[in-house]
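Report on the structure given below.
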Amino acid sequence: MQTQKLEPNQSLALTQVNRLLGRVFSIAATLVGIQTVSNAVSEYAKYPLNHLWFWLVLAALVVSHVVILYTVWVVGDGRIGFAALTLSTVFAVVSWPLQLGDFRLEQGVQPWIWWSVGIAGISAVGGFNFYVAIFFILALPAAWFFLQISEFGAVSEPLVALQDASFAFLFVAVLAGFVYALRYESSKVDEANQKSNQAAIELARADAVHRERDRIDALVHDSVLTTLLVSANATDLEAEKEAERLAGAAIQKLINAHLASSADQSISVTSLFGALEVAIRRQSLQITIDTEGASDEPVPSEVAAAVTESALQALANAIHHAGNGAKIEVLLRGSQKGIKIVVKDNGRGFRPSRIPKDRLGLRLSIVGRVQSVGGRVFIDSKIGVGTNVIIEWSAN
């Protein structure tokens, strides 16, 4: 069951909880719906209810139950169905006097719409935001109480009506509290996972810069050492000119090394892949890493940051969703044209077209992040086969 009170940036655990709650609720709602229809048909056969309003209300409730089943089990987001059930129940309560017309039920006979009142309050938790849901949780039992003590209800004593309304309220309030508590704890898990992923990303960035600086320092050291050796052994004009040329090259490398400390400097493919390997090993030692094409080709720092973040997010998704025993591989490929990173697993798989809107980890942290620096992301996934996330960036 979805609610809209909490919206963390990453929603791995929260999405799973929403899906489970939605499916459990859809089954419970269907059972209650069957009971509601059974009671409705029984009262319709026994009492002279208004034909038009009876069938109109019953159809609205049945359609809302069908929409819940479709949106939960097929679409993957049941909020429209949950909202429809709540609103159709409100419509049933409000229109009950029109169903009765001039007829009145016998004392002690519950109107058939009573069976939908409790489940509609729970449905409001999934169909609306926090404050609107609270309104319906309070309003539906209150409306039922006033309906029962009015001339259109079948209970003449307010105390009995109050007991019915209180039962409906407590039933919904307890379950709603459970849903919100479970979702809150799930959001805390997501927050912890996000912080862990972000820490891994920052470590990978720092490691890449450190590796790049070590590489530059080594080049500068070798250049200076070569210049000193040539200068020391220069015995003629030709050797002195060679020493002078090498000294100029060494000075230029020193200047470049100084500029490399700025935030917008590029790093090499070798440094980027090396940092990614370290970051992947921190996530799990069971992941297979295959590296080809590591070179001194430059990669802009913003591109390196984007592909690092996206690759580690894709890896986190694979670890969380592929399932126990799934094999996870990371392929790192470099060339003169650019870089390519593939995160693949042979786990559960999914349908990319049915990704919920709140799965921001895939939509933003992977696809959007890479696209922001001119790269591309391809997602190939099949149920029961596995998932490939392909991240590409071209220098041209």
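A note on labels: chains of the structure tokens are A, B, ... as shown, every chain counts residues from 1, and ligands are counted from 1 in their shown order.
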Exercise for the section: Please return as a VMD selection string: the residues of region 30-171 of chain A that backbone DSSP assigns to helix (DSSP H, G or I). Expected result: chain A and resid 30 to 46 51 to 75 79 to 94 96 to 100 114 to 127 130 to 149 158 to 171
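With only C-alpha atoms as the atoms that count, the minimum distance from Ala305 (chain A) to the choices A:Ala275, A:Ser166, A:Val172, A:Ile319 is reached by A:Ala275.
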Handout entry: Long-range neighbours of Ser381 (chain A) as a PyMOL selection string, 6 Å cut-off, only C-alpha atoms, 2 positions minimum in chain
Key = chain A and resi 349-350+386-387
Same residues, N, CA and C atoms, output as a PDB file, in the first residue's frame:
```pdb
ATOM      1  N   GLY A 349      15.382 -10.115 -12.123  1.00  0.00           N
ATOM      2  CA  GLY A 349      14.995  -9.296 -13.262  1.00  0.00           C
ATOM      3  C   GLY A 349      13.714  -8.529 -12.993  1.00  0.00           C
ATOM      4  N   PHE A 350      13.345  -7.631 -13.888  1.00  0.00           N
ATOM      5  CA  PHE A 350      12.132  -6.838 -13.745  1.00  0.00           C
ATOM      6  C   PHE A 350      11.736  -6.285 -15.107  1.00  0.00           C
ATOM      7  N   GLY A 386      17.600 -11.937 -15.535  1.00  0.00           N
ATOM      8  CA  GLY A 386      18.598 -11.047 -14.948  1.00  0.00           C
ATOM      9  C   GLY A 386      18.513  -9.648 -15.525  1.00  0.00           C
ATOM     10  N   THR A 387      19.478  -8.829 -15.138  1.00  0.00           N
ATOM     11  CA  THR A 387      19.478  -7.410 -15.517  1.00  0.00           C
ATOM     12  C   THR A 387      20.868  -6.973 -15.944  1.00  0.00           C
TER      13      THR A 387
END
```
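Computed from the coordinates, the CA of Ala60 (chain A) to CA of Val17 (chain A) distance equals 28.4 Å.
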With only C-alpha atoms as the counted atoms, please give the residues lying no more than 10 Å from Thr30 (chain A), apart from itself and same-chain residues fewer than 3 positions off, as a tab-separated table (two decimals) with all heavy atoms, in the first residue's frame.
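Result saved to around.tsv:
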```tsv
chain	number	residue	atom	x	y	z
A	25	PHE	N	-3.36	-5.88	1.07
A	25	PHE	CA	-4.60	-5.12	1.17
A	25	PHE	C	-5.55	-5.47	0.02
A	25	PHE	O	-6.77	-5.54	0.23
A	25	PHE	CB	-4.32	-3.62	1.17
A	25	PHE	CG	-5.56	-2.78	1.19
A	25	PHE	CD1	-6.25	-2.58	2.38
A	25	PHE	CD2	-6.06	-2.22	0.03
A	25	PHE	CE1	-7.41	-1.83	2.40
A	25	PHE	CE2	-7.21	-1.47	0.04
A	25	PHE	CZ	-7.89	-1.27	1.23
A	26	SER	N	-5.02	-5.66	-1.18
A	26	SER	CA	-5.90	-5.97	-2.31
A	26	SER	C	-6.64	-7.28	-2.09
A	26	SER	O	-7.81	-7.41	-2.46
A	26	SER	CB	-5.08	-6.02	-3.60
A	26	SER	OG	-4.22	-7.16	-3.60
A	27	ILE	N	-5.96	-8.25	-1.47
A	27	ILE	CA	-6.61	-9.54	-1.18
A	27	ILE	C	-7.69	-9.35	-0.11
A	27	ILE	O	-8.82	-9.84	-0.25
A	27	ILE	CB	-5.57	-10.57	-0.73
A	27	ILE	CG1	-4.61	-10.88	-1.88
A	27	ILE	CG2	-6.26	-11.85	-0.26
A	27	ILE	CD1	-3.44	-11.76	-1.48
A	33	GLY	N	-15.03	-7.08	-0.25
A	33	GLY	CA	-15.90	-6.72	-1.37
A	33	GLY	C	-16.89	-7.81	-1.70
A	33	GLY	O	-18.06	-7.55	-1.99
A	34	ILE	N	-16.43	-9.06	-1.64
A	34	ILE	CA	-17.33	-10.19	-1.90
A	34	ILE	C	-18.44	-10.23	-0.84
A	34	ILE	O	-19.62	-10.44	-1.16
A	34	ILE	CB	-16.54	-11.51	-1.92
A	34	ILE	CG1	-15.60	-11.53	-3.13
A	34	ILE	CG2	-17.48	-12.70	-1.95
A	34	ILE	CD1	-14.66	-12.71	-3.15
A	35	GLN	N	-18.04	-10.00	0.42
A	35	GLN	CA	-19.03	-9.97	1.50
A	35	GLN	C	-20.02	-8.82	1.31
A	35	GLN	O	-21.23	-8.96	1.54
A	35	GLN	CB	-18.32	-9.83	2.84
A	35	GLN	CG	-19.23	-9.88	4.04
A	35	GLN	CD	-19.88	-11.24	4.23
A	35	GLN	OE1	-19.21	-12.27	4.17
A	35	GLN	NE2	-21.20	-11.26	4.44
A	36	THR	N	-19.49	-7.67	0.88
A	36	THR	CA	-20.35	-6.51	0.65
A	36	THR	C	-21.38	-6.78	-0.45
A	36	THR	O	-22.57	-6.48	-0.30
A	36	THR	CB	-19.49	-5.29	0.27
A	36	THR	OG1	-18.56	-5.02	1.31
A	36	THR	CG2	-20.36	-4.06	0.05
A	62	VAL	N	-17.87	-2.08	-6.91
A	62	VAL	CA	-17.27	-3.23	-7.60
A	62	VAL	C	-16.17	-2.78	-8.55
A	62	VAL	O	-15.09	-3.40	-8.60
A	62	VAL	CB	-18.37	-4.01	-8.36
A	62	VAL	CG1	-17.73	-5.07	-9.27
A	62	VAL	CG2	-19.32	-4.67	-7.38
A	65	HIS	N	-12.98	-2.00	-6.69
A	65	HIS	CA	-12.25	-3.21	-6.29
A	65	HIS	C	-11.48	-3.80	-7.47
A	65	HIS	O	-10.34	-4.27	-7.32
A	65	HIS	CB	-13.21	-4.25	-5.72
A	65	HIS	CG	-13.63	-3.99	-4.30
A	65	HIS	ND1	-12.80	-4.23	-3.23
A	65	HIS	CD2	-14.78	-3.48	-3.79
A	65	HIS	CE1	-13.43	-3.90	-2.11
A	65	HIS	NE2	-14.62	-3.44	-2.42
A	66	VAL	N	-12.10	-3.80	-8.63
A	66	VAL	CA	-11.42	-4.30	-9.84
A	66	VAL	C	-10.21	-3.43	-10.17
A	66	VAL	O	-9.14	-3.93	-10.53
A	66	VAL	CB	-12.40	-4.34	-11.03
A	66	VAL	CG1	-11.65	-4.69	-12.32
A	66	VAL	CG2	-13.51	-5.35	-10.77
A	68	ILE	N	-8.42	-1.73	-8.06
A	68	ILE	CA	-7.37	-2.04	-7.08
A	68	ILE	C	-6.57	-3.26	-7.51
A	68	ILE	O	-5.34	-3.25	-7.52
A	68	ILE	CB	-7.99	-2.27	-5.68
A	68	ILE	CG1	-8.43	-0.94	-5.07
A	68	ILE	CG2	-6.98	-2.95	-4.75
A	68	ILE	CD1	-9.12	-1.08	-3.73
A	69	LEU	N	-7.27	-4.33	-7.88
A	69	LEU	CA	-6.57	-5.55	-8.30
A	69	LEU	C	-5.69	-5.29	-9.52
A	69	LEU	O	-4.55	-5.77	-9.59
A	69	LEU	CB	-7.60	-6.64	-8.61
A	69	LEU	CG	-8.36	-7.21	-7.40
A	69	LEU	CD1	-9.44	-8.18	-7.87
A	69	LEU	CD2	-7.41	-7.91	-6.45
```
Handout entry: Spatial neighbours of region 327-340 of chain A, 8 Å, only C-alpha atoms, chain gap at least 4 places, as a list in words
Key = Val269, Phe273, Gln286, Ile287, Thr288, Ile289, Asp290, Thr291, Glu292, Gly293, Ala294, Ser295, Glu297, Ala318, Ile319, Lys344, Asp345, Asn346, Gly347, Ile390, Ile391, Glu392, Trp393, Ser394, Ala395 and Asn396 of chain A
Problem - Shell of 12 Å around Ile366 (chain A), only C-alpha atoms, local chain residues under 2 positions omitted, as a ChimeraX atom specification - result: /A:10,305-317,341,343,359-364,368-373,375-379,389-392
